[in-house]
file coords-v4.txt (compact mmCIF, N, CA and C atoms and all ligand atoms)
# COMPACT_ATOMS: atom_id res chain seq x y z
N MET A 1 -29.85 24.07 -33.71
CA MET A 1 -28.42 24.43 -33.50
C MET A 1 -27.56 23.17 -33.57
N ASN A 2 -26.28 23.39 -33.72
CA ASN A 2 -25.36 22.27 -33.84
C ASN A 2 -24.36 22.26 -32.68
N CYS A 3 -23.89 21.07 -32.36
CA CYS A 3 -22.93 20.89 -31.28
C CYS A 3 -21.63 21.61 -31.62
N GLU A 4 -21.09 22.34 -30.65
CA GLU A 4 -19.84 23.07 -30.89
C GLU A 4 -18.63 22.14 -30.84
N SER A 5 -18.86 20.96 -30.29
CA SER A 5 -17.75 20.02 -30.13
C SER A 5 -17.64 19.07 -31.31
N CYS A 6 -18.78 18.46 -31.70
CA CYS A 6 -18.70 17.47 -32.79
C CYS A 6 -19.49 17.87 -34.01
N GLY A 7 -20.30 18.93 -33.91
CA GLY A 7 -21.01 19.43 -35.08
C GLY A 7 -22.34 18.76 -35.36
N SER A 8 -22.72 17.77 -34.58
CA SER A 8 -24.00 17.11 -34.86
C SER A 8 -25.17 17.95 -34.34
N PHE A 9 -26.35 17.72 -34.93
CA PHE A 9 -27.52 18.53 -34.62
C PHE A 9 -28.03 18.24 -33.21
N ILE A 10 -28.35 19.33 -32.50
CA ILE A 10 -28.94 19.20 -31.17
C ILE A 10 -30.33 19.84 -31.23
N PRO A 11 -31.39 19.09 -30.93
CA PRO A 11 -32.73 19.68 -30.97
C PRO A 11 -32.88 20.77 -29.91
N ASP A 12 -33.71 21.77 -30.20
CA ASP A 12 -33.96 22.86 -29.25
C ASP A 12 -34.47 22.28 -27.94
N GLY A 13 -34.00 22.88 -26.85
CA GLY A 13 -34.47 22.45 -25.54
C GLY A 13 -33.59 21.38 -24.92
N GLN A 14 -32.76 20.77 -25.75
CA GLN A 14 -31.84 19.76 -25.22
C GLN A 14 -30.55 20.47 -24.82
N SER A 15 -30.07 20.19 -23.59
CA SER A 15 -28.92 20.95 -23.12
C SER A 15 -27.59 20.23 -23.32
N PHE A 16 -27.67 18.96 -23.78
CA PHE A 16 -26.42 18.25 -24.03
C PHE A 16 -26.48 17.55 -25.38
N CYS A 17 -25.33 17.43 -26.02
CA CYS A 17 -25.25 16.74 -27.31
C CYS A 17 -25.46 15.24 -27.09
N SER A 18 -26.36 14.64 -27.86
CA SER A 18 -26.63 13.20 -27.70
C SER A 18 -25.52 12.37 -28.34
N ASN A 19 -24.72 13.02 -29.17
CA ASN A 19 -23.64 12.28 -29.85
C ASN A 19 -22.37 12.20 -29.01
N CYS A 20 -21.92 13.37 -28.50
CA CYS A 20 -20.66 13.36 -27.77
C CYS A 20 -20.81 13.78 -26.32
N GLY A 21 -21.98 14.27 -25.93
CA GLY A 21 -22.20 14.61 -24.53
C GLY A 21 -21.76 16.00 -24.15
N ALA A 22 -21.28 16.79 -25.13
CA ALA A 22 -20.85 18.16 -24.83
C ALA A 22 -22.06 19.04 -24.52
N LYS A 23 -21.81 20.10 -23.76
CA LYS A 23 -22.90 21.02 -23.42
C LYS A 23 -23.37 21.77 -24.67
N ALA A 24 -24.66 21.91 -24.81
CA ALA A 24 -25.22 22.60 -25.96
C ALA A 24 -24.94 24.09 -25.84
N PRO A 25 -24.85 24.82 -26.98
CA PRO A 25 -24.63 26.28 -26.92
C PRO A 25 -25.76 26.97 -26.15
N VAL A 26 -25.38 27.99 -25.43
CA VAL A 26 -26.35 28.70 -24.59
C VAL A 26 -27.28 29.52 -25.47
N ILE A 27 -28.57 29.39 -25.21
CA ILE A 27 -29.56 30.18 -25.97
C ILE A 27 -30.26 31.10 -24.98
N ILE A 28 -30.18 32.37 -25.27
CA ILE A 28 -30.80 33.36 -24.39
C ILE A 28 -31.95 34.02 -25.12
N GLU A 29 -33.09 34.01 -24.50
CA GLU A 29 -34.25 34.65 -25.10
C GLU A 29 -34.16 36.15 -24.84
N PRO A 30 -34.22 36.96 -25.89
CA PRO A 30 -34.09 38.40 -25.66
C PRO A 30 -35.32 38.95 -24.93
N ALA A 31 -35.06 39.98 -24.13
CA ALA A 31 -36.17 40.61 -23.42
C ALA A 31 -37.09 41.28 -24.43
N ARG A 32 -38.37 41.08 -24.29
CA ARG A 32 -39.31 41.62 -25.27
C ARG A 32 -39.76 43.02 -24.85
N PRO A 33 -39.53 44.01 -25.70
CA PRO A 33 -40.04 45.34 -25.36
C PRO A 33 -41.57 45.30 -25.30
N ILE A 34 -42.12 46.05 -24.35
CA ILE A 34 -43.56 45.96 -24.08
C ILE A 34 -44.38 46.38 -25.31
N TYR A 35 -43.92 47.43 -26.03
CA TYR A 35 -44.73 47.92 -27.14
C TYR A 35 -44.86 46.91 -28.27
N GLN A 36 -43.96 45.92 -28.30
CA GLN A 36 -44.03 44.95 -29.38
C GLN A 36 -44.95 43.78 -29.04
N GLN A 37 -45.31 43.67 -27.77
CA GLN A 37 -45.96 42.44 -27.35
C GLN A 37 -47.35 42.21 -27.96
N ASN A 38 -48.20 43.21 -27.91
CA ASN A 38 -49.58 42.93 -28.27
C ASN A 38 -50.08 43.67 -29.51
N ASP A 39 -49.20 44.44 -30.17
CA ASP A 39 -49.72 45.25 -31.28
C ASP A 39 -50.15 44.42 -32.49
N SER A 40 -49.47 43.30 -32.73
CA SER A 40 -49.88 42.51 -33.90
C SER A 40 -50.15 41.05 -33.53
N GLY A 41 -49.89 40.73 -32.29
CA GLY A 41 -50.08 39.34 -31.89
C GLY A 41 -48.94 38.44 -32.34
N LYS A 42 -47.95 39.09 -32.94
CA LYS A 42 -46.81 38.33 -33.43
C LYS A 42 -45.88 37.92 -32.28
N ASP A 43 -45.29 36.79 -32.41
CA ASP A 43 -44.41 36.31 -31.36
C ASP A 43 -42.97 36.75 -31.66
N TYR A 44 -42.39 37.47 -30.74
CA TYR A 44 -41.03 37.97 -30.95
C TYR A 44 -40.00 37.14 -30.20
N SER A 45 -40.40 35.99 -29.74
CA SER A 45 -39.50 35.20 -28.90
C SER A 45 -38.47 34.43 -29.73
N GLU A 46 -37.93 35.12 -30.72
CA GLU A 46 -36.89 34.49 -31.52
C GLU A 46 -35.62 34.37 -30.68
N SER A 47 -35.12 33.16 -30.60
CA SER A 47 -33.97 32.97 -29.73
C SER A 47 -32.68 33.41 -30.43
N VAL A 48 -31.75 33.88 -29.64
CA VAL A 48 -30.48 34.36 -30.16
C VAL A 48 -29.38 33.45 -29.65
N GLU A 49 -28.58 32.99 -30.56
CA GLU A 49 -27.48 32.11 -30.17
C GLU A 49 -26.28 32.96 -29.78
N ILE A 50 -25.81 32.76 -28.58
CA ILE A 50 -24.64 33.51 -28.10
C ILE A 50 -23.40 32.66 -28.38
N PRO A 51 -22.49 33.16 -29.23
CA PRO A 51 -21.31 32.34 -29.51
C PRO A 51 -20.39 32.25 -28.29
N MET A 52 -19.86 31.07 -28.10
CA MET A 52 -18.90 30.86 -27.01
C MET A 52 -17.62 31.65 -27.30
N PRO A 53 -16.96 32.18 -26.29
CA PRO A 53 -15.69 32.88 -26.57
C PRO A 53 -14.68 31.90 -27.15
N LYS A 54 -13.93 32.38 -28.13
CA LYS A 54 -12.96 31.52 -28.79
C LYS A 54 -11.87 31.12 -27.81
N LYS A 55 -11.61 29.84 -27.80
CA LYS A 55 -10.58 29.34 -26.88
C LYS A 55 -9.21 29.84 -27.33
N TYR A 56 -8.40 30.26 -26.38
CA TYR A 56 -7.04 30.69 -26.69
C TYR A 56 -6.20 29.46 -26.99
N SER A 57 -5.64 29.44 -28.17
CA SER A 57 -4.84 28.28 -28.53
C SER A 57 -3.53 28.75 -29.14
N VAL A 58 -2.52 27.91 -29.04
CA VAL A 58 -1.18 28.24 -29.55
C VAL A 58 -0.82 27.20 -30.59
N ASN A 59 -0.27 27.66 -31.70
CA ASN A 59 0.20 26.75 -32.74
C ASN A 59 1.61 26.31 -32.37
N TYR A 60 1.66 25.27 -31.52
CA TYR A 60 2.95 24.80 -30.99
C TYR A 60 3.85 24.26 -32.10
N ILE A 61 3.24 23.66 -33.13
CA ILE A 61 4.03 23.08 -34.22
C ILE A 61 4.74 24.20 -34.98
N ALA A 62 3.99 25.31 -35.25
CA ALA A 62 4.60 26.45 -35.93
C ALA A 62 5.71 27.05 -35.07
N ARG A 63 5.47 27.10 -33.75
CA ARG A 63 6.47 27.65 -32.84
C ARG A 63 7.72 26.78 -32.83
N ALA A 64 7.53 25.45 -32.87
CA ALA A 64 8.66 24.52 -32.92
C ALA A 64 9.45 24.74 -34.21
N GLY A 65 8.72 25.01 -35.32
CA GLY A 65 9.38 25.29 -36.59
C GLY A 65 10.26 26.52 -36.51
N LEU A 66 9.74 27.55 -35.82
CA LEU A 66 10.50 28.80 -35.64
C LEU A 66 11.75 28.55 -34.80
N ILE A 67 11.58 27.82 -33.68
CA ILE A 67 12.71 27.56 -32.77
C ILE A 67 13.78 26.74 -33.49
N LEU A 68 13.34 25.71 -34.24
CA LEU A 68 14.29 24.88 -34.99
C LEU A 68 15.00 25.70 -36.07
N GLY A 69 14.29 26.66 -36.65
CA GLY A 69 14.90 27.56 -37.63
C GLY A 69 16.02 28.38 -37.00
N ILE A 70 15.75 28.90 -35.78
CA ILE A 70 16.76 29.67 -35.05
C ILE A 70 17.96 28.76 -34.76
N VAL A 71 17.66 27.53 -34.29
CA VAL A 71 18.73 26.58 -33.97
C VAL A 71 19.57 26.28 -35.22
N SER A 72 18.91 26.16 -36.38
CA SER A 72 19.64 25.81 -37.60
C SER A 72 20.62 26.92 -38.00
N VAL A 73 20.30 28.17 -37.64
CA VAL A 73 21.22 29.28 -37.94
C VAL A 73 22.33 29.33 -36.90
N VAL A 74 21.96 29.20 -35.62
CA VAL A 74 22.94 29.29 -34.54
C VAL A 74 23.91 28.11 -34.60
N ALA A 75 23.40 26.92 -34.97
CA ALA A 75 24.21 25.69 -34.96
C ALA A 75 25.24 25.65 -36.07
N VAL A 76 25.33 26.72 -36.88
CA VAL A 76 26.32 26.72 -37.97
C VAL A 76 27.75 26.69 -37.40
N TYR A 77 27.89 27.08 -36.13
CA TYR A 77 29.21 27.05 -35.49
C TYR A 77 29.66 25.63 -35.19
N ILE A 78 28.70 24.70 -35.19
CA ILE A 78 29.05 23.28 -35.04
C ILE A 78 28.99 22.69 -36.45
N PRO A 79 30.15 22.49 -37.10
CA PRO A 79 30.15 22.14 -38.52
C PRO A 79 29.28 20.94 -38.87
N PHE A 80 28.54 21.07 -39.95
CA PHE A 80 27.77 20.01 -40.61
C PHE A 80 26.58 19.47 -39.82
N THR A 81 26.19 20.13 -38.74
CA THR A 81 25.07 19.60 -37.97
C THR A 81 23.80 20.40 -38.18
N ASN A 82 23.91 21.66 -38.62
CA ASN A 82 22.72 22.51 -38.65
C ASN A 82 21.73 22.13 -39.75
N ILE A 83 22.11 21.21 -40.63
CA ILE A 83 21.16 20.74 -41.65
C ILE A 83 19.99 19.99 -40.99
N VAL A 84 20.26 19.35 -39.86
CA VAL A 84 19.21 18.56 -39.18
C VAL A 84 18.10 19.48 -38.66
N PRO A 85 18.40 20.48 -37.81
CA PRO A 85 17.31 21.37 -37.40
C PRO A 85 16.70 22.15 -38.55
N ALA A 86 17.49 22.43 -39.61
CA ALA A 86 16.94 23.16 -40.76
C ALA A 86 15.84 22.35 -41.44
N ILE A 87 16.09 21.07 -41.66
CA ILE A 87 15.09 20.21 -42.31
C ILE A 87 13.88 20.03 -41.39
N LEU A 88 14.14 19.81 -40.10
CA LEU A 88 13.04 19.67 -39.13
C LEU A 88 12.19 20.95 -39.09
N SER A 89 12.87 22.10 -39.16
CA SER A 89 12.16 23.37 -39.15
C SER A 89 11.21 23.50 -40.34
N ILE A 90 11.67 23.07 -41.52
CA ILE A 90 10.82 23.13 -42.72
C ILE A 90 9.60 22.22 -42.53
N ILE A 91 9.83 21.01 -41.99
CA ILE A 91 8.72 20.06 -41.79
C ILE A 91 7.72 20.64 -40.79
N PHE A 92 8.23 21.13 -39.65
CA PHE A 92 7.33 21.67 -38.62
C PHE A 92 6.59 22.90 -39.14
N SER A 93 7.28 23.75 -39.90
CA SER A 93 6.63 24.95 -40.43
C SER A 93 5.55 24.60 -41.43
N LEU A 94 5.79 23.56 -42.26
CA LEU A 94 4.78 23.11 -43.23
C LEU A 94 3.55 22.55 -42.52
N VAL A 95 3.79 21.70 -41.51
CA VAL A 95 2.66 21.11 -40.76
C VAL A 95 1.93 22.22 -39.99
N GLY A 96 2.72 23.12 -39.39
CA GLY A 96 2.13 24.23 -38.63
C GLY A 96 1.29 25.14 -39.50
N LEU A 97 1.71 25.31 -40.76
CA LEU A 97 0.99 26.17 -41.70
C LEU A 97 -0.44 25.67 -41.95
N LYS A 98 -0.63 24.36 -41.88
CA LYS A 98 -1.96 23.76 -42.10
C LYS A 98 -2.89 24.05 -40.92
N LYS A 99 -2.33 24.42 -39.78
CA LYS A 99 -3.15 24.67 -38.59
C LYS A 99 -3.32 26.16 -38.32
N VAL A 100 -2.83 27.00 -39.25
CA VAL A 100 -2.87 28.45 -39.04
C VAL A 100 -4.30 28.97 -38.89
N ASP A 101 -5.23 28.45 -39.71
CA ASP A 101 -6.62 28.92 -39.66
C ASP A 101 -7.26 28.69 -38.30
N GLU A 102 -6.82 27.62 -37.67
CA GLU A 102 -7.44 27.18 -36.42
C GLU A 102 -6.68 27.73 -35.22
N ARG A 103 -5.36 27.81 -35.34
CA ARG A 103 -4.55 28.16 -34.18
C ARG A 103 -3.62 29.36 -34.38
N GLY A 104 -3.61 29.95 -35.56
CA GLY A 104 -2.73 31.10 -35.80
C GLY A 104 -1.29 30.67 -35.96
N GLY A 105 -0.38 31.64 -35.83
CA GLY A 105 1.04 31.34 -35.89
C GLY A 105 1.62 31.38 -37.29
N ARG A 106 0.94 32.10 -38.20
CA ARG A 106 1.46 32.22 -39.57
C ARG A 106 2.85 32.83 -39.59
N GLY A 107 3.05 33.85 -38.76
CA GLY A 107 4.35 34.52 -38.68
C GLY A 107 5.45 33.56 -38.26
N ASN A 108 5.13 32.68 -37.31
CA ASN A 108 6.10 31.68 -36.85
C ASN A 108 6.51 30.77 -38.00
N CYS A 109 5.53 30.37 -38.81
CA CYS A 109 5.81 29.48 -39.96
C CYS A 109 6.72 30.18 -40.96
N ILE A 110 6.37 31.43 -41.29
CA ILE A 110 7.15 32.19 -42.28
C ILE A 110 8.58 32.37 -41.77
N ALA A 111 8.70 32.75 -40.48
CA ALA A 111 10.03 32.92 -39.89
C ALA A 111 10.78 31.60 -39.90
N GLY A 112 10.05 30.49 -39.65
CA GLY A 112 10.67 29.16 -39.69
C GLY A 112 11.24 28.85 -41.06
N PHE A 113 10.47 29.18 -42.11
CA PHE A 113 10.93 28.94 -43.49
C PHE A 113 12.17 29.78 -43.80
N ILE A 114 12.12 31.06 -43.43
CA ILE A 114 13.24 31.97 -43.73
C ILE A 114 14.50 31.51 -43.00
N LEU A 115 14.35 31.23 -41.70
CA LEU A 115 15.51 30.84 -40.89
C LEU A 115 16.09 29.50 -41.35
N SER A 116 15.21 28.54 -41.68
CA SER A 116 15.72 27.24 -42.13
C SER A 116 16.39 27.39 -43.50
N GLY A 117 15.87 28.33 -44.33
CA GLY A 117 16.51 28.61 -45.61
C GLY A 117 17.92 29.16 -45.40
N ILE A 118 18.04 30.10 -44.44
CA ILE A 118 19.36 30.65 -44.10
C ILE A 118 20.26 29.53 -43.58
N GLY A 119 19.66 28.67 -42.71
CA GLY A 119 20.41 27.54 -42.14
C GLY A 119 20.96 26.63 -43.22
N ILE A 120 20.14 26.34 -44.24
CA ILE A 120 20.57 25.46 -45.34
C ILE A 120 21.67 26.13 -46.17
N VAL A 121 21.50 27.44 -46.43
CA VAL A 121 22.53 28.18 -47.18
C VAL A 121 23.86 28.14 -46.41
N LEU A 122 23.78 28.37 -45.10
CA LEU A 122 25.00 28.35 -44.27
C LEU A 122 25.63 26.95 -44.28
N PHE A 123 24.76 25.93 -44.24
CA PHE A 123 25.27 24.54 -44.28
C PHE A 123 26.03 24.30 -45.58
N ILE A 124 25.41 24.72 -46.71
CA ILE A 124 26.04 24.52 -48.02
C ILE A 124 27.39 25.26 -48.07
N LEU A 125 27.40 26.50 -47.53
CA LEU A 125 28.65 27.28 -47.52
C LEU A 125 29.74 26.59 -46.70
N THR A 126 29.38 26.03 -45.53
CA THR A 126 30.39 25.36 -44.70
C THR A 126 30.94 24.13 -45.42
N VAL A 127 30.07 23.44 -46.16
CA VAL A 127 30.51 22.27 -46.93
C VAL A 127 31.47 22.72 -48.04
N ILE A 128 31.09 23.79 -48.76
CA ILE A 128 31.93 24.30 -49.86
C ILE A 128 33.30 24.73 -49.32
N PHE A 129 33.28 25.47 -48.22
CA PHE A 129 34.55 25.94 -47.62
C PHE A 129 35.41 24.77 -47.17
N ALA A 130 34.76 23.72 -46.63
CA ALA A 130 35.49 22.54 -46.19
C ALA A 130 36.15 21.84 -47.37
N ILE A 131 35.41 21.77 -48.49
CA ILE A 131 35.97 21.12 -49.70
C ILE A 131 37.15 21.93 -50.22
N ILE A 132 37.00 23.26 -50.27
CA ILE A 132 38.09 24.14 -50.75
C ILE A 132 39.33 23.95 -49.87
N ARG A 133 39.09 23.92 -48.55
CA ARG A 133 40.20 23.77 -47.62
C ARG A 133 40.92 22.43 -47.82
N GLU A 134 40.13 21.38 -48.06
CA GLU A 134 40.69 20.04 -48.27
C GLU A 134 41.54 20.02 -49.55
N THR A 135 40.97 20.57 -50.64
CA THR A 135 41.65 20.49 -51.93
C THR A 135 42.90 21.38 -51.98
N GLN A 136 42.93 22.42 -51.15
CA GLN A 136 44.10 23.30 -51.15
C GLN A 136 45.17 22.80 -50.21
N GLY A 137 44.87 21.70 -49.52
CA GLY A 137 45.84 21.02 -48.65
C GLY A 137 46.17 21.80 -47.42
ZN ZN A 201 -21.49 16.74 -29.93

call {"tool": "encode", "arguments": {"input": "coords-v4.txt", "output": "structure tokens"}}
result
Amino acid sequence: MNCESCGSFIPDGQSFCSNCGAKAPVIIEPARPIYQQNDSGKDYSESVEIPMPKKYSVNYIARAGLILGIVSVVAVYIPFTNIVPAILSIIFSLVGLKKVDERGGRGNCIAGFILSGIGIVLFILTVIFAIIRETQG
């Protein structure tokens, strides 16, 4: 079996990883039904590896991307500032997307992209309106 923490090989019977010191995966010997024990002399003591329950984890980077996306849309009321959270949202959503397999949060990333896209469109519109207003005196 291999260490769940660092992936290095742990010999059977050893309860701790010699590389990183993590606890070895639990091996439980299944109970042997009586009728199987002596009919062929075969050994049924095949060990079964019990997988550890998956740790609950949150993709905080993807969540930050989503929150920054929301901020980039809401901040349109403060002229010319929402481009900052919009760009940050894209960066966080991109980084968060790389961790989706491990930590989930794909929806947060997608929402982050959509909201930051809206934020950028709103930013461009406020700039255009400001230019029109300036040129019309
Ligand atoms: Zn290890």

call {"tool": "residues_near_ligand", "arguments": {"input": "coords-v4.txt", "ligand": "ligand ZN 201 (chain A)", "cutoff": "5 Å", "atoms": "all atoms listed in the file", "output": "list of chain:residue names"}}
result
A:Cys3, A:Ser5, A:Cys6, A:Gly7, A:Ser8, A:Cys17, A:Asn19, A:Cys20, A:Gly21, A:Ala22

call {"tool": "atom_distance", "arguments": {"input": "coords-v4.txt", "atom1": "atom CA of A:Ile114", "atom2": "atom CA of A:Gly69"}}
result
7.7 Å

call {"tool": "atom_distance", "arguments": {"input": "coords-v4.txt", "atom1": "atom CA of A:Lys98", "atom2": "atom N of A:Ala64"}}
result
13.3 Å

call {"tool": "atom_distance", "arguments": {"input": "coords-v4.txt", "atom1": "atom CA of A:Gly117", "atom2": "atom N of A:Ile90"}}
result
8.4 Å

call {"tool": "closest_residue", "arguments": {"input": "coords-v4.txt", "among": "A:Ile120, A:Val100, A:Leu66, A:Ile10", "to": "A:Asn82", "atoms": "all atoms listed in the file"}}
result
A:Ile120

call {"tool": "closest_residue", "arguments": {"input": "coords-v4.txt", "among": "A:Val58, A:Ser18, A:Pro25, A:Ile87", "to": "A:Gly104", "atoms": "all atoms listed in the file"}}
result
A:Val58

call {"tool": "residues_around", "arguments": {"input": "coords-v4.txt", "residues": "A:Phe92", "least_positions_apart": "3", "cutoff": "7 Å", "atoms": "all atoms listed in the file", "output": "MDAnalysis selection string"}}
result
chainID A and resid 61:66 87:89 95:97 109

call {"tool": "closest_residue", "arguments": {"input": "coords-v4.txt", "among": "A:Tyr60, A:Leu68, A:Phe123, A:Ile118", "to": "A:Thr81", "atoms": "all atoms listed in the file"}}
result
A:Phe123

call {"tool": "closest_residue", "arguments": {"input": "coords-v4.txt", "among": "A:Val73, A:Val84, A:Gly105, A:Ile131", "to": "A:Gly119", "atoms": "only C-alpha atoms"}}
result
A:Val73

call {"tool": "closest_residue", "arguments": {"input": "coords-v4.txt", "among": "A:Ile128, A:Pro79, A:Lys99, A:Ser72", "to": "A:Ser116", "atoms": "all atoms listed in the file"}}
result
A:Ser72

call {"tool": "axis_aligned_box", "arguments": {"input": "coords-v4.txt", "around": "stretch 9-24 of chain A", "padding_each_side": "8 Å", "output": "lines of an AutoDock Vina configuration file"}}
result
center_x = -27.6
center_y = 18.1
center_z = -29.0
size_x = 29.8
size_y = 27.9
size_z = 27.8

call {"tool": "closest_residue", "arguments": {"input": "coords-v4.txt", "among": "A:Leu115, A:Ile110, A:Met1, A:Ala130", "to": "A:Pro85", "atoms": "all atoms listed in the file"}}
result
A:Leu115
